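See structure below.
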Amino acid sequence: MGKIIILDENTANKIAAGEVIERPASVIKELVENSIDAGANSISVEIRNGGISLIRVIDNGSGLTEDDVEIAFERHATSKIRRADDLESINSMGFRGEALASIAAVSDVQLATRVKSSFQGVSIKVKGGNVLDVKPIGCPVGTSITVSELFFNTPARYKFLKKDSTEAGYTVDMLTRIALCYPDISFKLINNGLKVLHTPGNGDLKSTIFSVYGAAVAKQLMEVNYQDEVAKIKGFIGKAEIARSNRSHQSIYINRRYIRNKTITAAIDSAYSTFLMKNKHPFVILDIRLNPASVDVNVHPSKMEVKFSNEQEIFRAVYHAINGTLMTQSTIRTLPDSPVNKYYSNNDQGSSSYSQKPLQGASRYPSSKTSSTNSYMLNDSMASKPAYSQQEFMRVKEELDKKREEAISGHPAQGEAAYTAQEAVNLAQSEAAYTAQEDDSLVPSTSLFNGARIIGQAFSTYVFLEGDDEMFLLDQHAAHERICYEELKEAFAKDKPLSQMLISVVPIELTASEYQFAISEASFFEKLGFSYEAFGANSIIMRAVPFAQREVDVGKLFLEILDFVMDGGNGEKSVLADEALYTIACKSAIKANKRLDEREVSALLDKLSTLKNPYTCPHGRPAILRLRRYELEKLFKRIV
Ligand code: ADP
Ligand code: MG
């Protein structure tokens with residue numbers, strides 16, 4: 001007898017499950033995707049012990065008919081495609097027909113469902129791949145599915161699970177990513193009885209972001225709305241104030257799937273390069289729609305990675321979508337929130353509900369049940385009260401932010417308060433009222449300083465202006481750097497480099513490959529303003545440079561620029577040129593610790609007023625800060 005046998009269906013499903021189902025979060029992902037495919041606009045997920053002992057997903061989607069219920073659990077059972085050709089035009093989340101079969105092979109599943117056209121629902125129980133029971137049941141339209149004892153019959157899998165809280169964390173992250181791409185669906189996640197995520201499902205991405213990240217983030221967003229032949233890109237990007245040192249606050253979706261992709265992150269970084277400090281990553285949520293034919297989502301089994309048929313096109317679209325948004329929006333910074341607000345919140349402990357007793361029970365998430373006892377909770381009457389004081393507002397905002405952060409990050413909660421959807425809405429309303437009243441942090445660049453007059457220079461570095469109800473503080477180096485950069489950029493675009501002949505030529509020694517590169521790219525460097533020629537073996541002589549400052553070491557600066565142009569594999573030439581231009585701008589700009597006379601300051605301000613983005617230096621440091629009279633009055637306690 002031969003050695004080969006055909007595996008029975010159950011064994012095959014168990015093996016297949018290993019590929020689709022790795023942990024509770026992957027079960028939930030499959031179930032939630034099914035709910036989305038079923039047209040639900042409300043999806044609630046409940047987990048216990050990180051989803052290991054129980055997962056329950058309830059949706060208000062189409063439901064399954066009695067005829068379909070049993071077959072849905074067979075492998076390759078799908079209602080979403082009929083033949084291989086359909087794969088070309090697929091727009092559902094699933095289509096392999098494997099998820100239900102795989103989940104049921106390694107757990108105990110109970111499903112109850114009803115379609116609209118039927119008065120009665122049906123329930124089915126499947127354990128370890130065997131159908132145990134099918135019977136009629138009374139239930140609402142939609143589907144509710146409960147998965148318990150995950151991996152009860154696959155101990156090897158079970159062993160790989162992490163602690164409950166870690167598994168819960170994976171689910172929070174996964175569901176949050178999905179929720180941010182489906183603002184028209186209300187998602188709820190309950191972990192051990194406590195609500196940790198609740199999005200409004202009102203179709204508005206900004207309020208979805210608010211419900212996930214809180215007021216501090218929602219306040220610092222700019223809307224992206226871009227379209228070209230290649231892509232349609234919508235979403236929100238954050239101002240520098242909410243940039244982070246890792247990419248956890250970046251969510252990119254291609255055709256409504258959460259993905260990770262290096263080309264796209266490179267485009268984001270390039271677009272932000274002059275707006276942010278190095279090693280800071282902006283807050284970004286981008287919904288990118290492409291022709292499905294130009295993207296292959298199946299390169300990775302979990303479909304997180306994608307391949308584009310034309311990487312350059314995608315890079316360009318994302319770069320322009322973001323850069324365009326940054327250029328059209330004013331990004332002037334008000335004086336950092338902190339001095340005023342910290343001052344108040346630290347000194348106003350009377351009504352603060354902060355120091356709370358530790359959480360009871362095993363949960364690490366704040367409870368929604370007890371929140372009404374907390375003084376910070378906004379009730380309707382407070383929310384509608386327009387004169388919500390800044391002090392009150394900031395305290396509430398800080399507390400909610402902190403609690404939300406804890407809930408999302410899974411760090412132990414300090415208090416027992418929770419953040420409910422209603423609180424989110426209330427806070428948004430009071431914030432809107434507050435913003436309309438007192439906070440106009442956007443200053444249109446056309447009237448940059450609102451007619452403010454120069455009152456002096458401090459520490460030979462900062463220029464002070466006084467307006468009607470505000471003061472402006474300028475960092476002279478950062479501001480001038482921005483001016484130089486814009487001038488250089490314009491000259492570059494017009495192909496009229498700002499080149500200055502050197503009084504005496506400067507010889508520069510290069511390595512063989514640098515020399516090759518410098519000679520072959522001489523016309524590119526000429527466009528930047530460097531003019532040189534070959535000078536013996538591996539040397540050049542520099543005749544003209546794009547700046548007039550005497551103290552600059554010409555050789556060193558040229559090498560610096562040569563280096564990154566040579567390394568700059570990932571971008572367009574124009575992006576590389578940009579990098580080069582802002583290095584040059586930095587060297588050409590007025591330094592700090594330099595006395596300026598009034599004429600020089602005026603010239604600086606005049607030029608600054610003509611710029612689209614005068615608010616930061618090209619490296620992203622702020623160039624202008626604003627201090628409102630109101631803030632001074634607060635600081636001096638003239639008003640409270
Ligand atoms: P796939 O999603 O790849 O088609 P699944 O195994 O996930 O395969 O689901 C099998 C089928 O069961 C789906 O094609 C769909 O018709 C049905 N189904 C699963 N979940 C739901 C749900 N929540 N609501 C309605 N139908 C569902
Ligand atoms: Mg599916």
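A note on labels: chains of the structure tokens are A, B, ... as shown, every chain counts residues from 1, and ligands are counted from 1 in their shown order.
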Requested in this report: Counting only C-alpha atoms and all ligand atoms, name the residues that have an atom within 6 Å of an atom of ligand 1; the answer should be given as a PyMOL selection string.
Outcome: chain A and resi 34-35+38+61-64+72+77-80+94-101+143
Atoms kept (all heavy atoms) for selection, written as a tab-separated table (two decimals), in the first residue's frame:
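Saved the output as again06.tsv:
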chain	number	residue	atom	x	y	z
A	34	ASN	N	-16.33	40.27	7.63
A	34	ASN	CA	-17.59	39.68	7.15
A	34	ASN	C	-18.77	40.61	7.44
A	34	ASN	O	-19.66	40.76	6.60
A	34	ASN	CB	-17.84	38.33	7.83
A	34	ASN	CG	-17.04	37.20	7.19
A	34	ASN	OD1	-16.49	37.36	6.10
A	34	ASN	ND2	-16.96	36.07	7.88
A	35	SER	N	-18.76	41.24	8.60
A	35	SER	CA	-19.84	42.16	8.95
A	35	SER	C	-19.85	43.36	8.00
A	35	SER	O	-20.91	43.82	7.58
A	35	SER	CB	-19.69	42.66	10.38
A	35	SER	OG	-19.76	41.57	11.29
A	38	ALA	N	-21.24	42.41	4.83
A	38	ALA	CA	-22.69	42.20	4.92
A	38	ALA	C	-23.45	43.53	5.01
A	38	ALA	O	-24.65	43.54	5.21
A	38	ALA	CB	-23.02	41.32	6.13
A	61	GLY	N	-25.99	43.69	9.82
A	61	GLY	CA	-25.89	43.54	8.37
A	61	GLY	C	-27.01	42.68	7.81
A	61	GLY	O	-28.03	42.45	8.46
A	62	SER	N	-26.77	42.16	6.60
A	62	SER	CA	-27.82	41.46	5.86
A	62	SER	C	-28.28	40.15	6.51
A	62	SER	O	-29.39	39.70	6.30
A	62	SER	CB	-27.31	41.14	4.46
A	62	SER	OG	-26.19	40.28	4.57
A	63	GLY	N	-27.40	39.52	7.31
A	63	GLY	CA	-27.73	38.21	7.87
A	63	GLY	C	-27.56	37.10	6.85
A	63	GLY	O	-27.24	37.35	5.68
A	64	LEU	N	-27.73	35.86	7.31
A	64	LEU	CA	-27.64	34.70	6.40
A	64	LEU	C	-28.99	34.00	6.37
A	64	LEU	O	-29.68	33.95	7.39
A	64	LEU	CB	-26.61	33.70	6.90
A	64	LEU	CG	-25.14	34.08	6.81
A	64	LEU	CD1	-24.58	34.37	8.19
A	64	LEU	CD2	-24.35	32.96	6.15
A	72	ALA	N	-22.04	27.96	4.96
A	72	ALA	CA	-21.07	29.03	5.20
A	72	ALA	C	-19.85	28.53	5.96
A	72	ALA	O	-18.76	29.10	5.86
A	72	ALA	CB	-21.73	30.17	5.98
A	77	ALA	N	-16.41	28.07	0.94
A	77	ALA	CA	-17.80	28.50	0.83
A	77	ALA	C	-17.84	30.02	0.90
A	77	ALA	O	-17.47	30.61	1.90
A	77	ALA	CB	-18.62	27.92	1.98
A	78	THR	N	-18.23	30.64	-0.19
A	78	THR	CA	-18.29	32.10	-0.23
A	78	THR	C	-19.45	32.55	-1.09
A	78	THR	O	-19.80	31.88	-2.06
A	78	THR	CB	-16.97	32.71	-0.75
A	78	THR	OG1	-17.11	34.13	-0.77
A	78	THR	CG2	-16.63	32.24	-2.15
A	79	SER	N	-20.03	33.70	-0.72
A	79	SER	CA	-21.08	34.26	-1.56
A	79	SER	C	-20.51	35.40	-2.40
A	79	SER	O	-21.23	36.07	-3.10
A	79	SER	CB	-22.20	34.79	-0.66
A	79	SER	OG	-21.66	35.74	0.24
A	80	LYS	N	-19.19	35.61	-2.29
A	80	LYS	CA	-18.64	36.85	-2.83
A	80	LYS	C	-18.03	36.74	-4.22
A	80	LYS	O	-17.93	37.73	-4.93
A	80	LYS	CB	-17.64	37.43	-1.84
A	80	LYS	CG	-18.36	37.78	-0.53
A	80	LYS	CD	-17.48	38.03	0.63
A	80	LYS	CE	-18.31	37.99	1.91
A	80	LYS	NZ	-17.52	38.06	3.11
A	94	GLY	N	-13.47	39.94	2.10
A	94	GLY	CA	-13.11	38.52	2.00
A	94	GLY	C	-13.57	37.96	0.66
A	94	GLY	O	-14.31	38.61	-0.05
A	95	PHE	N	-13.12	36.79	0.33
A	95	PHE	CA	-13.61	36.11	-0.86
A	95	PHE	C	-13.10	34.67	-0.93
A	95	PHE	O	-13.49	33.90	-1.77
A	95	PHE	CB	-13.22	36.85	-2.16
A	95	PHE	CG	-11.73	37.08	-2.30
A	95	PHE	CD1	-10.91	36.07	-2.79
A	95	PHE	CD2	-11.16	38.29	-1.96
A	95	PHE	CE1	-9.54	36.27	-2.93
A	95	PHE	CE2	-9.79	38.50	-2.08
A	95	PHE	CZ	-8.98	37.49	-2.57
A	96	ARG	N	-12.19	34.31	0.01
A	96	ARG	CA	-11.62	32.96	-0.08
A	96	ARG	C	-12.54	31.90	0.49
A	96	ARG	O	-12.34	30.72	0.28
A	96	ARG	CB	-10.30	32.91	0.69
A	96	ARG	CG	-9.22	33.70	0.04
A	96	ARG	CD	-7.91	33.48	0.78
A	96	ARG	NE	-6.80	34.00	0.01
A	96	ARG	CZ	-6.52	35.28	-0.11
A	96	ARG	NH1	-7.28	36.16	0.51
A	96	ARG	NH2	-5.51	35.69	-0.83
A	97	GLY	N	-13.50	32.33	1.26
A	97	GLY	CA	-14.43	31.36	1.84
A	97	GLY	C	-13.77	30.45	2.84
A	97	GLY	O	-14.15	29.29	3.00
A	98	GLU	N	-12.75	30.95	3.53
A	98	GLU	CA	-12.01	30.09	4.45
A	98	GLU	C	-12.21	30.44	5.91
A	98	GLU	O	-12.00	29.60	6.78
A	98	GLU	CB	-10.50	30.23	4.17
A	98	GLU	CG	-10.02	29.32	3.10
A	98	GLU	CD	-8.54	29.52	2.85
A	98	GLU	OE1	-7.99	30.56	3.24
A	98	GLU	OE2	-7.96	28.62	2.24
A	99	ALA	N	-12.60	31.69	6.18
A	99	ALA	CA	-12.54	32.16	7.56
A	99	ALA	C	-13.44	31.37	8.49
A	99	ALA	O	-12.98	30.83	9.50
A	99	ALA	CB	-12.87	33.65	7.61
A	100	LEU	N	-14.72	31.30	8.17
A	100	LEU	CA	-15.64	30.62	9.09
A	100	LEU	C	-15.22	29.16	9.29
A	100	LEU	O	-15.22	28.65	10.41
A	100	LEU	CB	-17.08	30.72	8.60
A	100	LEU	CG	-17.74	32.10	8.74
A	100	LEU	CD1	-19.22	32.02	8.37
A	100	LEU	CD2	-17.58	32.66	10.14
A	101	ALA	N	-14.86	28.49	8.20
A	101	ALA	CA	-14.44	27.08	8.32
A	101	ALA	C	-13.22	26.97	9.23
A	101	ALA	O	-13.14	26.09	10.09
A	101	ALA	CB	-14.13	26.52	6.93
A	143	THR	N	-26.32	39.51	12.27
A	143	THR	CA	-25.64	38.28	12.68
A	143	THR	C	-24.90	38.51	13.99
A	143	THR	O	-24.28	39.55	14.18
A	143	THR	CB	-24.61	37.87	11.60
A	143	THR	OG1	-25.30	37.75	10.36
A	143	THR	CG2	-23.93	36.55	11.93
Neighbour list for Ala104 in chain A as an mmCIF file with N, CA and C atoms, in the first residue's frame, cut-off 10 Å, only C-alpha atoms, skip fewer than 6 positions in-chain:
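After the write, part06.cif holds the following:
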data_model
loop_
_atom_site.group_PDB
_atom_site.id
_atom_site.type_symbol
_atom_site.label_atom_id
_atom_site.label_comp_id
_atom_site.auth_asym_id
_atom_site.auth_seq_id
_atom_site.Cartn_x
_atom_site.Cartn_y
_atom_site.Cartn_z
ATOM 1 N N ASN A 10 -11.768 17.769 8.233
ATOM 2 C CA ASN A 10 -11.481 18.400 9.525
ATOM 3 C C ASN A 10 -10.007 18.722 9.704
ATOM 4 N N ASN A 13 -9.006 21.552 7.454
ATOM 5 C CA ASN A 13 -9.450 22.845 7.989
ATOM 6 C C ASN A 13 -8.581 23.320 9.138
ATOM 7 N N LYS A 14 -8.161 22.358 9.974
ATOM 8 C CA LYS A 14 -7.309 22.717 11.101
ATOM 9 C C LYS A 14 -5.976 23.281 10.602
ATOM 10 N N ALA A 17 -6.535 26.644 9.148
ATOM 11 C CA ALA A 17 -6.755 27.618 10.222
ATOM 12 C C ALA A 17 -5.439 28.224 10.684
ATOM 13 N N PHE A 73 -20.008 27.436 6.714
ATOM 14 C CA PHE A 73 -18.893 26.918 7.508
ATOM 15 C C PHE A 73 -18.032 25.918 6.747
ATOM 16 N N GLU A 74 -18.362 25.657 5.491
ATOM 17 C CA GLU A 74 -17.517 24.738 4.728
ATOM 18 C C GLU A 74 -16.388 25.511 4.082
ATOM 19 N N GLN A 110 -20.831 29.721 17.938
ATOM 20 C CA GLN A 110 -22.284 29.769 17.930
ATOM 21 C C GLN A 110 -22.701 30.979 17.135
ATOM 22 N N LYS A 125 -24.530 25.705 15.879
ATOM 23 C CA LYS A 125 -23.423 25.505 16.811
ATOM 24 C C LYS A 125 -22.424 24.577 16.131
ATOM 25 N N VAL A 126 -21.197 25.005 16.042
ATOM 26 C CA VAL A 126 -20.153 24.187 15.403
ATOM 27 C C VAL A 126 -18.956 24.141 16.339
ATOM 28 N N LYS A 127 -18.462 22.944 16.631
ATOM 29 C CA LYS A 127 -17.296 22.856 17.517
ATOM 30 C C LYS A 127 -16.251 21.942 16.891
ATOM 31 N N GLY A 128 -15.017 22.421 16.849
ATOM 32 C CA GLY A 128 -13.938 21.623 16.279
ATOM 33 C C GLY A 128 -14.288 21.148 14.869
ATOM 34 N N GLY A 129 -15.052 21.927 14.147
ATOM 35 C CA GLY A 129 -15.370 21.597 12.763
ATOM 36 C C GLY A 129 -16.627 20.749 12.605
ATOM 37 N N ASN A 130 -17.227 20.295 13.708
ATOM 38 C CA ASN A 130 -18.439 19.476 13.594
ATOM 39 C C ASN A 130 -19.689 20.295 13.906
ATOM 40 N N VAL A 131 -20.669 20.197 13.009
ATOM 41 C CA VAL A 131 -21.930 20.894 13.254
ATOM 42 C C VAL A 131 -22.700 20.121 14.315
ATOM 43 N N VAL A 147 -17.419 33.130 19.583
ATOM 44 C CA VAL A 147 -16.339 32.152 19.447
ATOM 45 C C VAL A 147 -15.753 31.935 20.833
ATOM 46 N N SER A 148 -15.839 30.702 21.338
ATOM 47 C CA SER A 148 -15.216 30.480 22.642
ATOM 48 C C SER A 148 -14.201 29.345 22.556
ATOM 49 N N LEU A 150 -10.962 29.283 22.046
ATOM 50 C CA LEU A 150 -10.108 29.331 20.863
ATOM 51 C C LEU A 150 -8.880 28.418 21.038
ATOM 52 N N PHE A 151 -8.585 27.649 20.003
ATOM 53 C CA PHE A 151 -7.434 26.728 19.972
ATOM 54 C C PHE A 151 -7.541 25.606 21.008
#
**Report entry** Counting only C-alpha atoms, the residue of A:Ala168, A:Val106, A:Met277, A:Ala271 that sits nearest Val196 in chain A
**Finding:** A:Ala168
Query raised in the report: What are the DSSP strand (DSSP E or B) residues of range 433-597 of chain A, as a PyMOL selection string?
Result: chain A and resi 453-458+462-466+470-475+500-509+531-534+539-545
Given the selection you just returned, output its residues as a file containing N, CA, C and O atoms, formatted as a short mmCIF file (atom, residue, chain, number, x, y, z; two decimals), in the first residue's frame.
data_model
loop_
_atom_site.label_atom_id
_atom_site.label_comp_id
_atom_site.auth_asym_id
_atom_site.auth_seq_id
_atom_site.Cartn_x
_atom_site.Cartn_y
_atom_site.Cartn_z
N ARG A 453 3.79 96.21 15.02
CA ARG A 453 5.01 97.01 14.81
C ARG A 453 6.19 96.42 15.62
O ARG A 453 5.99 95.76 16.64
N ILE A 454 7.37 96.72 15.10
CA ILE A 454 8.57 96.16 15.73
C ILE A 454 8.82 96.85 17.06
O ILE A 454 8.82 98.08 17.13
N ILE A 455 9.01 96.08 18.12
CA ILE A 455 9.35 96.73 19.38
C ILE A 455 10.76 96.40 19.86
O ILE A 455 11.21 96.95 20.85
N GLY A 456 11.45 95.53 19.14
CA GLY A 456 12.84 95.33 19.54
C GLY A 456 13.38 93.95 19.23
O GLY A 456 12.69 93.11 18.66
N GLN A 457 14.63 93.77 19.64
CA GLN A 457 15.29 92.50 19.41
C GLN A 457 15.85 92.05 20.76
O GLN A 457 16.39 92.87 21.51
N ALA A 458 15.67 90.78 21.08
CA ALA A 458 16.17 90.29 22.37
C ALA A 458 17.27 89.28 22.15
O ALA A 458 17.20 88.47 21.22
N TYR A 462 16.07 87.18 18.82
CA TYR A 462 14.61 87.17 18.66
C TYR A 462 14.08 88.57 18.43
O TYR A 462 14.49 89.52 19.11
N VAL A 463 13.16 88.67 17.48
CA VAL A 463 12.55 89.96 17.18
C VAL A 463 11.15 89.98 17.78
O VAL A 463 10.41 89.00 17.67
N PHE A 464 10.81 91.09 18.44
CA PHE A 464 9.49 91.22 19.06
C PHE A 464 8.62 92.20 18.29
O PHE A 464 9.08 93.28 17.93
N LEU A 465 7.35 91.82 18.06
CA LEU A 465 6.39 92.71 17.42
C LEU A 465 5.18 92.85 18.32
O LEU A 465 4.79 91.90 18.99
N GLU A 466 4.56 94.03 18.27
CA GLU A 466 3.37 94.23 19.08
C GLU A 466 2.20 94.59 18.18
O GLU A 466 2.30 95.50 17.36
N GLU A 470 -2.07 91.04 20.49
CA GLU A 470 -1.16 89.91 20.42
C GLU A 470 0.26 90.42 20.22
O GLU A 470 0.47 91.55 19.77
N MET A 471 1.22 89.56 20.55
CA MET A 471 2.62 89.84 20.25
C MET A 471 3.15 88.72 19.38
O MET A 471 2.70 87.59 19.49
N PHE A 472 4.10 89.05 18.52
CA PHE A 472 4.76 88.00 17.74
C PHE A 472 6.22 87.96 18.12
O PHE A 472 6.84 89.01 18.36
N LEU A 473 6.75 86.75 18.19
CA LEU A 473 8.17 86.56 18.46
C LEU A 473 8.78 85.83 17.28
O LEU A 473 8.26 84.78 16.88
N LEU A 474 9.82 86.38 16.73
CA LEU A 474 10.46 85.75 15.58
C LEU A 474 11.84 85.25 15.94
O LEU A 474 12.57 85.95 16.63
N ASP A 475 12.18 84.12 15.44
CA ASP A 475 13.56 83.65 15.52
C ASP A 475 14.23 84.11 14.23
O ASP A 475 13.88 83.65 13.14
N GLN A 500 27.02 82.84 -6.99
CA GLN A 500 27.97 83.93 -6.73
C GLN A 500 29.37 83.44 -7.11
O GLN A 500 29.79 82.40 -6.63
N MET A 501 30.07 84.21 -7.93
CA MET A 501 31.44 83.83 -8.28
C MET A 501 32.32 83.94 -7.03
O MET A 501 32.19 84.89 -6.26
N LEU A 502 33.18 82.96 -6.85
CA LEU A 502 34.10 83.03 -5.72
C LEU A 502 35.28 83.92 -6.10
O LEU A 502 35.74 83.91 -7.26
N ILE A 503 35.78 84.69 -5.13
CA ILE A 503 36.90 85.58 -5.43
C ILE A 503 38.12 84.75 -5.81
O ILE A 503 38.81 85.01 -6.77
N SER A 504 38.36 83.70 -5.04
CA SER A 504 39.39 82.76 -5.50
C SER A 504 38.79 81.36 -5.55
O SER A 504 38.03 80.99 -4.65
N VAL A 505 39.10 80.62 -6.59
CA VAL A 505 38.50 79.30 -6.78
C VAL A 505 38.92 78.37 -5.64
O VAL A 505 39.96 78.57 -5.02
N VAL A 506 38.07 77.34 -5.38
CA VAL A 506 38.36 76.42 -4.28
C VAL A 506 38.51 75.00 -4.83
O VAL A 506 37.58 74.46 -5.41
N PRO A 507 39.70 74.39 -4.70
CA PRO A 507 39.84 73.01 -5.15
C PRO A 507 39.22 72.05 -4.13
O PRO A 507 39.34 72.28 -2.92
N ILE A 508 38.54 71.01 -4.61
CA ILE A 508 37.94 70.03 -3.69
C ILE A 508 38.33 68.63 -4.13
O ILE A 508 38.15 68.26 -5.29
N GLU A 509 38.87 67.86 -3.19
CA GLU A 509 39.25 66.49 -3.50
C GLU A 509 38.09 65.54 -3.26
O GLU A 509 37.40 65.64 -2.26
N SER A 531 29.07 75.89 -9.55
CA SER A 531 29.68 75.77 -10.87
C SER A 531 31.14 75.38 -10.69
O SER A 531 31.88 76.01 -9.95
N TYR A 532 31.52 74.27 -11.32
CA TYR A 532 32.87 73.74 -11.11
C TYR A 532 33.33 73.00 -12.36
O TYR A 532 32.56 72.73 -13.27
N GLU A 533 34.61 72.68 -12.37
CA GLU A 533 35.10 71.83 -13.45
C GLU A 533 36.16 70.85 -12.97
O GLU A 533 36.70 71.00 -11.87
N ALA A 534 36.41 69.85 -13.81
CA ALA A 534 37.39 68.82 -13.45
C ALA A 534 38.75 69.45 -13.28
O ALA A 534 39.11 70.42 -13.97
N SER A 539 39.65 65.42 -8.62
CA SER A 539 39.46 66.72 -7.97
C SER A 539 38.66 67.64 -8.88
O SER A 539 38.65 67.49 -10.10
N ILE A 540 37.97 68.58 -8.24
CA ILE A 540 37.29 69.61 -9.02
C ILE A 540 37.71 70.97 -8.47
O ILE A 540 38.21 71.07 -7.36
N ILE A 541 37.53 72.01 -9.30
CA ILE A 541 37.67 73.34 -8.71
C ILE A 541 36.33 74.05 -8.80
O ILE A 541 35.66 74.08 -9.83
N MET A 542 35.93 74.59 -7.65
CA MET A 542 34.66 75.28 -7.52
C MET A 542 34.86 76.74 -7.90
O MET A 542 35.77 77.39 -7.38
N ARG A 543 34.01 77.21 -8.82
CA ARG A 543 34.14 78.61 -9.24
C ARG A 543 33.03 79.50 -8.69
O ARG A 543 33.25 80.66 -8.42
N ALA A 544 31.83 78.91 -8.55
CA ALA A 544 30.71 79.72 -8.05
C ALA A 544 29.85 78.88 -7.14
O ALA A 544 29.74 77.67 -7.31
N VAL A 545 29.26 79.54 -6.15
CA VAL A 545 28.42 78.84 -5.16
C VAL A 545 27.13 79.64 -4.93
O VAL A 545 27.10 80.83 -5.20
#
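Candidate residues A:Tyr253, A:Phe119, A:Phe524, A:Phe236 were compared for distance to Leu562 in chain A, and the nearest is A:Phe524, using only C-alpha atoms.
Taking CA of Lys612 in chain A and CA of Glu486 in chain A as endpoints, the distance between them is 9.2 Å.
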Requested in this report: Tell me which protein, DNA and RNA residues are within 10 Å of Phe558 in chain A, counting only C-alpha atoms, leaving out same-chain ones fewer than 5 positions away, and put them as number ranges by chain.
Outcome: A: 508, 525, 530, 542, 545, 553, 563, 580, 583-584
Query - Nearest candidate to Tyr272 in chain A (options A:Thr171, A:Thr325, A:Thr199, A:Asn291; using only C-alpha atoms) - result: A:Thr325
**Report entry** From A:Asn60, A:Ser144, A:Ser248, A:Asn538, residue lying nearest Phe517 in chain A [only C-alpha atoms]
**Finding:** A:Asn538
Query raised in the report: Distance CA of Phe315 in chain A-CA of Ala266 in chain A, one decimal place?
Result: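 Going from CA of Phe315 in chain A over to CA of Ala266 in chain A, I get 7.6 Å.
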Query - Shortest interatomic distance to ligand 2 - which of A:Arg48, A:Lys206, A:His76, A:Lys594, counting only C-alpha atoms and all ligand atoms - result: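 The answer is A:His76, which sits nearest to ligand 2.
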Query raised in the report: So how many Å separate CA of Arg289 in chain A and CA of Gly203 in chain A, to one decimal?
Result: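 These atoms are spaced 17.3 Å apart.
Candidate residues A:Gln220, A:Thr65, A:Ser102, A:Asn202 were compared for distance to ligand 2, and the nearest is A:Ser102, using only C-alpha atoms and all ligand atoms.
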Report as JSON lines the residues of range 240-317 of chain A within 9 Å of range 613-619 of chain A, each with its shortest atom pair and distance in Å (one decimal), using only C-alpha atoms, ordered by chain and increasing residue number.
{"residue": "A:Ser273", "atom": "CA", "partner": "A:His619", "partner_atom": "CA", "distance": 6.6}
{"residue": "A:Thr274", "atom": "CA", "partner": "A:Pro618", "partner_atom": "CA", "distance": 4.0}
{"residue": "A:Phe275", "atom": "CA", "partner": "A:His619", "partner_atom": "CA", "distance": 6.1}
{"residue": "A:Leu276", "atom": "CA", "partner": "A:His619", "partner_atom": "CA", "distance": 6.1}
{"residue": "A:Met277", "atom": "CA", "partner": "A:His619", "partner_atom": "CA", "distance": 5.9}
{"residue": "A:Lys278", "atom": "CA", "partner": "A:His619", "partner_atom": "CA", "distance": 7.5}
Those same residues - all heavy atoms - I'd like them written as a compact mmCIF listing (two decimals), in the first residue's frame.
# COMPACT_ATOMS: atom_id res chain seq x y z
N SER A 273 9.24 67.30 5.18
CA SER A 273 10.62 67.47 5.63
C SER A 273 10.94 68.88 6.12
O SER A 273 11.71 69.04 7.05
CB SER A 273 11.60 67.06 4.54
OG SER A 273 11.41 67.88 3.43
N THR A 274 10.34 69.90 5.53
CA THR A 274 10.68 71.24 6.02
C THR A 274 9.73 71.72 7.10
O THR A 274 9.81 72.84 7.57
CB THR A 274 10.71 72.28 4.88
OG1 THR A 274 9.37 72.54 4.47
CG2 THR A 274 11.55 71.80 3.72
N PHE A 275 8.80 70.88 7.49
CA PHE A 275 7.82 71.29 8.50
C PHE A 275 8.06 70.63 9.85
O PHE A 275 7.44 70.98 10.83
CB PHE A 275 6.40 70.94 8.05
CG PHE A 275 5.95 71.77 6.88
CD1 PHE A 275 6.24 71.38 5.59
CD2 PHE A 275 5.25 72.95 7.08
CE1 PHE A 275 5.83 72.14 4.51
CE2 PHE A 275 4.83 73.72 6.02
CZ PHE A 275 5.12 73.31 4.73
N LEU A 276 8.92 69.63 9.86
CA LEU A 276 9.11 68.86 11.08
C LEU A 276 10.58 68.68 11.40
O LEU A 276 11.41 68.65 10.50
CB LEU A 276 8.54 67.45 10.90
CG LEU A 276 7.07 67.20 11.15
CD1 LEU A 276 6.80 65.72 11.03
CD2 LEU A 276 6.68 67.69 12.52
N MET A 277 10.86 68.54 12.69
CA MET A 277 12.22 68.22 13.08
C MET A 277 12.54 66.80 12.61
O MET A 277 11.65 65.98 12.47
CB MET A 277 12.34 68.23 14.61
CG MET A 277 11.76 69.46 15.26
SD MET A 277 12.92 70.81 15.30
CE MET A 277 13.97 70.30 16.63
N LYS A 278 13.82 66.54 12.44
CA LYS A 278 14.23 65.18 12.07
C LYS A 278 13.80 64.19 13.15
O LYS A 278 13.71 64.55 14.32
CB LYS A 278 15.75 65.10 11.91
CG LYS A 278 16.26 65.84 10.69
CD LYS A 278 16.60 64.88 9.55
CE LYS A 278 17.00 65.59 8.26
NZ LYS A 278 15.92 66.26 7.54
Report task. Please identify all polymer residues within 6 Å of Arg114 in chain A, counting only C-alpha atoms, omitting same-chain residues fewer than 3 positions from it, and present them as a list of chain:residue names. Result -> A:Gly63, A:Gly121, A:Val141, A:Gly142
